[in-house]
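Visitor: Provided herewith is a single structure, encoded as structure tokens, for subsequent inquiry.
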There are 4 protein chains.
Amino acid sequence: MPEKHHDTQIRVRYAETDRMGVVYYGNFYTWFEIGRVEFFRNAGFSYRDAEELDECFIVVVESGCRYRSPARFDDELLIRTRLRSIKGPVIRFNYEITRVDNGAAVAEGETIHLVCDSKMKVKKLPDKYLRILEGLLPDESK
Amino acid sequence: MPEKHHDTQIRVRYAETDRMGVVYYGNFYTWFEIGRVEFFRNAGFSYRDAEELDECFIVVVESGCRYRSPARFDDELLIRTRLRSIKGPVIRFNYEITRVDNGAAVAEGETIHLVCDSKMKVKKLPDKYLRILEGLLPDESK
Amino acid sequence: MPEKHHDTQIRVRYAETDRMGVVYYGNFYTWFEIGRVEFFRNAGFSYRDAEELDECFIVVVESGCRYRSPARFDDELLIRTRLRSIKGPVIRFNYEITRVDNGAAVAEGETIHLVCDSKMKVKKLPDKYLRILEGLLPDESK
Amino acid sequence: MPEKHHDTQIRVRYAETDRMGVVYYGNFYTWFEIGRVEFFRNAGFSYRDAEELDECFIVVVESGCRYRSPARFDDELLIRTRLRSIKGPVIRFNYEITRVDNGAAVAEGETIHLVCDSKMKVKKLPDKYLRILEGLLPDESK
């Protein structure tokens, strides 16, 4: 049985820090995006193909993040991504970011998405993606 | 009597858009930062001075945003910033972003902050800033 | 007679700094973009319209910057943009960034562009834009 | 004998694209930074340690990039970094970015740096770093 979550690793870029010496708070949302994209790839499809071949855009309608400890330049971090629910066109993800060296919590957050076509009109997730993603929902949500 | 909120205007940069043709969701948090910095300036002090002269860092511990309608390149947007509460070292702000041309809602969000010294140790907001900011709290919070 | 250059003012964002306490070197190129967009607006047209109504994309093929002195959070900077030449589909701009308070040099740079259609095929700048921009070329280039 | 250049791989982030559907031109400089940092790590030291333990800041004084073909979301790219010269406090690097799938050229560029202390005063590169880096200079420069 496949893992329900997916783990990706990144290294903090100099560009991502700010003058406080830590990562700028808005950049965590870019890491959540990386988590989502790799979650899809691990599930067996490419989000780029979903956009380009199936006109399926996963638009963000809500995002949030709690910061537990600072991330610094050159730190190696683990992004753990979980699919939380799919209800019609609404998809929810959550994320945990921890340090690779000692597992300490760095941040956690969530995003809520609407599936849209290229004209930003809401549509249902195509069946082929729905079938894949349903298998990755947490047990309690079934 | 001074307005309790502060309004700042920005124009969407090309760099802030993504391949969906709209502003990347993480960049709204940079606009919230602009709102905060201008809120402080309008209240009568510079956040840079707070950091450099009074070792007073307003660290973000939580952030969130709901996206109402897309922002596009070259759009003029209004950021309305409100101080929501100050409880010891914890400061809360919220933000509304609207289009300048028709007032349509673009996004709304909030940030929660901890006042820290340069070593990231929590401290109380210095009295001189507290006195200023208390005058800008919403009426219901007093 | 209109000024050949155009000046725009910006204020350095916290997000633009890095852990060295100064603006990250890649962010100067975003300021050059602001300079270009405002140069066009000042000349009498909107770059967004050029893209959306005339399928005229000004793609960057080369960029460069020399950094003279650091820019810091909350600094007010002036971006002076000059059109340097137009040769068929090739357009060149250069930029000078100075401090507003004392005029000190912060950076200077240039970008070279190719006019393209929406499929990234090179095309000539439409006549209506060419006529406007030719009037803004430096005297020595005519 | 060690390779004189160092290769690092990245995958294009959604956040790095703009509304033209390609990577924003300023973001290539962030990739050059990744190339440098990994070049140092491969040479046997951490740039973070150079800053934090040896007060050795490699400040950018000049940067440039030629764009050969667009980079798009989810593309896998190779950053090839070469040390070009060290003359007193001045260090030069250049970079080639190519597609992983077919080797096509995406961009090439260079950066020039000054070694500085934490107060941005120019200083010589510490001997322990100089010895390492000299071994990685191109043959023609010796």
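Following the order of the structure tokens, chains are lettered A, B, ..., residues in each are numbered from 1, and ligands are numbered from 1.
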What residues in chain B have any atom no more than 6 Å from chain D when counting only C-alpha atoms, and can you write them as a ChimeraX atom specification?
Guide: /B:17-19,21
Visitor: Please identify which residues in range 50-111 of chain C DSSP calls alpha helix (DSSP H) from the backbone, and express them as a list in words.
Guide: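 DSSP-assigned alpha helix (DSSP H) residues in range 50-111 of chain C: Ala50, Glu51, Glu52, Leu53 and Asp54 of chain C.
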Visitor: I'd like the neighbourhood of range 107-112 of chain A as an NGL selection string, where a residue qualifies if any of its atoms comes within 6 Å (using only C-alpha atoms), though same-chain residues fewer than 4 positions away should be ignored.
Guide: :A and (60-68 or 91-97)
Visitor: Have a look at CA of Arg41 in chain B and CA of Ser118 in chain B and let me know their distance in Å, one decimal.
Guide: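 Distance between the two atoms: 21.1 Å.
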Visitor: Given only C-alpha atoms as the basis, pick out the residue of C:Asp74, C:Glu134, C:Asp127, C:Thr8 nearest to Glu38 in chain B.
Guide: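 Smallest distance to Glu38 in chain B is found for C:Asp74.
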Visitor: What's the 9 Å shell around Leu77 in chain D, counting only C-alpha atoms, without same-chain residues fewer than 6 positions away, as a list of chain:residue names?
Guide: D:Thr8, D:Gln9, D:Ile10, D:Arg11, D:Val12, D:Ala71, D:Ile97, D:Thr98, D:Arg99, D:Val100, D:Asp101, D:Gly103, D:Val106
Visitor: Can those selected residues be exported to a file as a compact mmCIF listing (two decimals), in the first residue's frame so that it contains all heavy atoms?
Guide:
```
# COMPACT_ATOMS: atom_id res chain seq x y z
N THR D 8 24.84 21.25 -10.94
CA THR D 8 23.73 21.07 -10.01
C THR D 8 22.45 21.03 -10.82
O THR D 8 22.34 21.71 -11.84
CB THR D 8 23.56 22.29 -9.07
OG1 THR D 8 24.83 22.76 -8.71
CG2 THR D 8 22.74 21.96 -7.86
N GLN D 9 21.48 20.30 -10.33
CA GLN D 9 20.23 20.20 -11.06
C GLN D 9 19.10 20.87 -10.27
O GLN D 9 19.07 20.78 -9.04
CB GLN D 9 19.91 18.72 -11.26
CG GLN D 9 19.44 18.42 -12.67
CD GLN D 9 19.36 16.92 -12.92
OE1 GLN D 9 20.37 16.24 -12.99
NE2 GLN D 9 18.15 16.42 -13.06
N ILE D 10 18.21 21.53 -10.97
CA ILE D 10 17.03 22.10 -10.31
C ILE D 10 15.80 21.79 -11.17
O ILE D 10 15.92 21.43 -12.34
CB ILE D 10 17.11 23.64 -10.16
CG1 ILE D 10 17.34 24.29 -11.53
CG2 ILE D 10 18.16 24.06 -9.17
CD1 ILE D 10 16.69 25.63 -11.63
N ARG D 11 14.64 21.97 -10.57
CA ARG D 11 13.40 21.85 -11.31
C ARG D 11 12.68 23.19 -11.20
O ARG D 11 12.61 23.76 -10.10
CB ARG D 11 12.54 20.74 -10.71
CG ARG D 11 11.37 20.36 -11.59
CD ARG D 11 10.50 19.33 -10.93
NE ARG D 11 10.94 17.97 -11.09
CZ ARG D 11 10.70 17.21 -12.17
NH1 ARG D 11 10.04 17.72 -13.19
NH2 ARG D 11 11.11 15.97 -12.22
N VAL D 12 12.15 23.70 -12.32
CA VAL D 12 11.53 25.02 -12.33
C VAL D 12 10.25 25.02 -11.47
O VAL D 12 9.38 24.18 -11.63
CB VAL D 12 11.20 25.47 -13.76
CG1 VAL D 12 10.46 26.81 -13.75
CG2 VAL D 12 12.47 25.58 -14.59
N ALA D 71 12.79 28.85 -20.28
CA ALA D 71 12.63 27.76 -19.30
C ALA D 71 11.19 27.80 -18.84
O ALA D 71 10.62 28.87 -18.65
CB ALA D 71 13.57 27.98 -18.12
N ILE D 97 23.35 27.27 -18.24
CA ILE D 97 22.13 26.53 -17.88
C ILE D 97 21.61 25.83 -19.12
O ILE D 97 21.46 26.45 -20.18
CB ILE D 97 21.07 27.47 -17.27
CG1 ILE D 97 21.63 28.06 -15.96
CG2 ILE D 97 19.78 26.72 -17.01
CD1 ILE D 97 20.71 29.01 -15.26
N THR D 98 21.41 24.52 -18.98
CA THR D 98 20.94 23.71 -20.11
C THR D 98 19.78 22.83 -19.65
O THR D 98 19.59 22.62 -18.46
CB THR D 98 22.07 22.79 -20.64
OG1 THR D 98 22.63 22.07 -19.53
CG2 THR D 98 23.17 23.57 -21.32
N ARG D 99 19.02 22.35 -20.61
CA ARG D 99 17.94 21.42 -20.29
C ARG D 99 18.52 20.04 -20.01
O ARG D 99 19.42 19.58 -20.71
CB ARG D 99 16.97 21.27 -21.47
CG ARG D 99 16.26 22.57 -21.86
CD ARG D 99 15.29 22.31 -23.01
NE ARG D 99 14.34 21.29 -22.64
CZ ARG D 99 13.21 21.53 -21.97
NH1 ARG D 99 12.90 22.77 -21.63
NH2 ARG D 99 12.41 20.54 -21.64
N VAL D 100 17.98 19.36 -19.02
CA VAL D 100 18.46 18.01 -18.71
C VAL D 100 18.04 17.04 -19.81
O VAL D 100 18.81 16.15 -20.19
CB VAL D 100 17.93 17.55 -17.33
CG1 VAL D 100 18.17 16.07 -17.10
CG2 VAL D 100 18.58 18.38 -16.23
N ASP D 101 16.85 17.20 -20.37
CA ASP D 101 16.35 16.17 -21.30
C ASP D 101 17.10 16.15 -22.63
O ASP D 101 17.37 15.08 -23.18
CB ASP D 101 14.83 16.29 -21.51
CG ASP D 101 14.38 17.65 -22.03
OD1 ASP D 101 15.25 18.51 -22.28
OD2 ASP D 101 13.16 17.86 -22.18
N GLY D 103 19.80 18.67 -23.45
CA GLY D 103 21.05 19.43 -23.43
C GLY D 103 20.98 20.81 -24.07
O GLY D 103 22.00 21.52 -24.14
N VAL D 106 19.88 27.06 -22.36
CA VAL D 106 18.79 27.89 -21.84
C VAL D 106 19.31 29.30 -21.53
O VAL D 106 18.67 30.28 -21.88
CB VAL D 106 18.16 27.23 -20.59
CG1 VAL D 106 17.17 28.18 -19.92
CG2 VAL D 106 17.48 25.92 -20.97
```
Visitor: So that I can check the surroundings of Ser46 in chain D, please list as a count of residues only every protein, DNA and RNA residue that reaches within 12 Å of it, counting only C-alpha atoms and ignoring chain neighbours fewer than 3 positions away.
Guide: 19
Visitor: Between CA of Gly88 in chain B and CA of Leu114 in chain B, what is the spacing in Å?
Guide: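 The value is 9.0 Å.
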Visitor: With distances taken over only C-alpha atoms, which residue among C:Leu130, C:Val59, C:Met120, C:Ala104 lies nearest Lys87 in chain C?
Guide: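 For Lys87 in chain C, the nearest of the given residues is C:Leu130.
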Visitor: Got a sec to tell me which of chain A DSSP assigns to strand (DSSP E), as a ChimeraX atom specification?
Guide: /A:5-11,57-67,76-87,90-99,105-116
Visitor: Find the residues near Asp117 in chain A: any atom within 8 Å, counting only C-alpha atoms, skip ones fewer than 2 places away on the same chain, and give them as a short mmCIF file (atom, residue, chain, number, x, y, z; two decimals) with all heavy atoms, in the first residue's frame.
Guide:
```cif
data_model
loop_
_atom_site.label_atom_id
_atom_site.label_comp_id
_atom_site.auth_asym_id
_atom_site.auth_seq_id
_atom_site.Cartn_x
_atom_site.Cartn_y
_atom_site.Cartn_z
N GLU A 55 -6.49 20.81 -19.30
CA GLU A 55 -7.07 22.10 -18.95
C GLU A 55 -7.63 22.10 -17.53
O GLU A 55 -8.78 22.47 -17.29
CB GLU A 55 -8.17 22.46 -19.94
CG GLU A 55 -8.13 23.92 -20.31
CD GLU A 55 -9.41 24.37 -20.99
OE1 GLU A 55 -9.63 23.99 -22.16
OE2 GLU A 55 -10.14 25.13 -20.34
N CYS A 56 -6.81 21.65 -16.64
CA CYS A 56 -7.24 21.44 -15.26
C CYS A 56 -6.30 22.25 -14.36
O CYS A 56 -5.18 21.84 -14.08
CB CYS A 56 -7.13 19.93 -15.01
SG CYS A 56 -7.61 19.44 -13.39
N PHE A 57 -6.76 23.42 -13.94
CA PHE A 57 -5.97 24.33 -13.13
C PHE A 57 -6.41 24.23 -11.67
O PHE A 57 -7.61 24.35 -11.39
CB PHE A 57 -6.12 25.77 -13.63
CG PHE A 57 -5.53 25.99 -15.00
CD1 PHE A 57 -6.22 25.63 -16.15
CD2 PHE A 57 -4.25 26.54 -15.12
CE1 PHE A 57 -5.65 25.82 -17.41
CE2 PHE A 57 -3.69 26.73 -16.37
CZ PHE A 57 -4.39 26.37 -17.52
N VAL A 115 -10.75 23.48 -8.59
CA VAL A 115 -10.37 23.03 -9.93
C VAL A 115 -11.09 23.93 -10.94
O VAL A 115 -12.31 24.13 -10.84
CB VAL A 115 -10.77 21.56 -10.13
CG1 VAL A 115 -10.28 21.07 -11.49
CG2 VAL A 115 -10.20 20.69 -9.02
N LYS A 119 -10.28 29.25 -18.39
CA LYS A 119 -10.95 30.56 -18.25
C LYS A 119 -11.35 30.83 -16.80
O LYS A 119 -12.19 31.69 -16.54
CB LYS A 119 -12.15 30.63 -19.19
CG LYS A 119 -11.70 30.92 -20.62
CD LYS A 119 -12.83 30.66 -21.61
CE LYS A 119 -12.28 30.69 -23.02
NZ LYS A 119 -12.29 29.34 -23.67
N MET A 120 -10.79 30.04 -15.88
CA MET A 120 -11.05 30.20 -14.44
C MET A 120 -12.50 29.87 -14.08
O MET A 120 -13.01 30.36 -13.08
CB MET A 120 -10.70 31.64 -13.97
CG MET A 120 -9.23 32.01 -14.11
SD MET A 120 -8.20 31.30 -12.79
CE MET A 120 -6.63 31.13 -13.66
N LYS A 121 -13.14 29.03 -14.90
CA LYS A 121 -14.49 28.57 -14.54
C LYS A 121 -14.34 27.25 -13.78
O LYS A 121 -13.59 26.35 -14.19
CB LYS A 121 -15.33 28.32 -15.82
CG LYS A 121 -16.58 29.19 -15.89
CD LYS A 121 -17.55 28.71 -16.97
CE LYS A 121 -18.52 27.65 -16.50
NZ LYS A 121 -19.23 26.98 -17.61
N VAL A 122 -15.07 27.16 -12.66
CA VAL A 122 -14.96 25.96 -11.82
C VAL A 122 -15.44 24.73 -12.58
O VAL A 122 -16.41 24.79 -13.33
CB VAL A 122 -15.82 26.15 -10.54
CG1 VAL A 122 -15.80 24.89 -9.69
CG2 VAL A 122 -15.27 27.34 -9.74
N LYS A 123 -14.71 23.64 -12.44
CA LYS A 123 -15.13 22.39 -13.06
C LYS A 123 -14.77 21.23 -12.14
O LYS A 123 -14.02 21.41 -11.17
CB LYS A 123 -14.47 22.22 -14.43
CG LYS A 123 -12.96 21.95 -14.40
CD LYS A 123 -12.45 21.80 -15.83
CE LYS A 123 -11.34 20.78 -15.97
NZ LYS A 123 -10.88 20.67 -17.37
#
```
Visitor: CA of Phe28 in chain D and CA of Glu76 in chain B are how many Å apart?
Guide: 27.3 Å
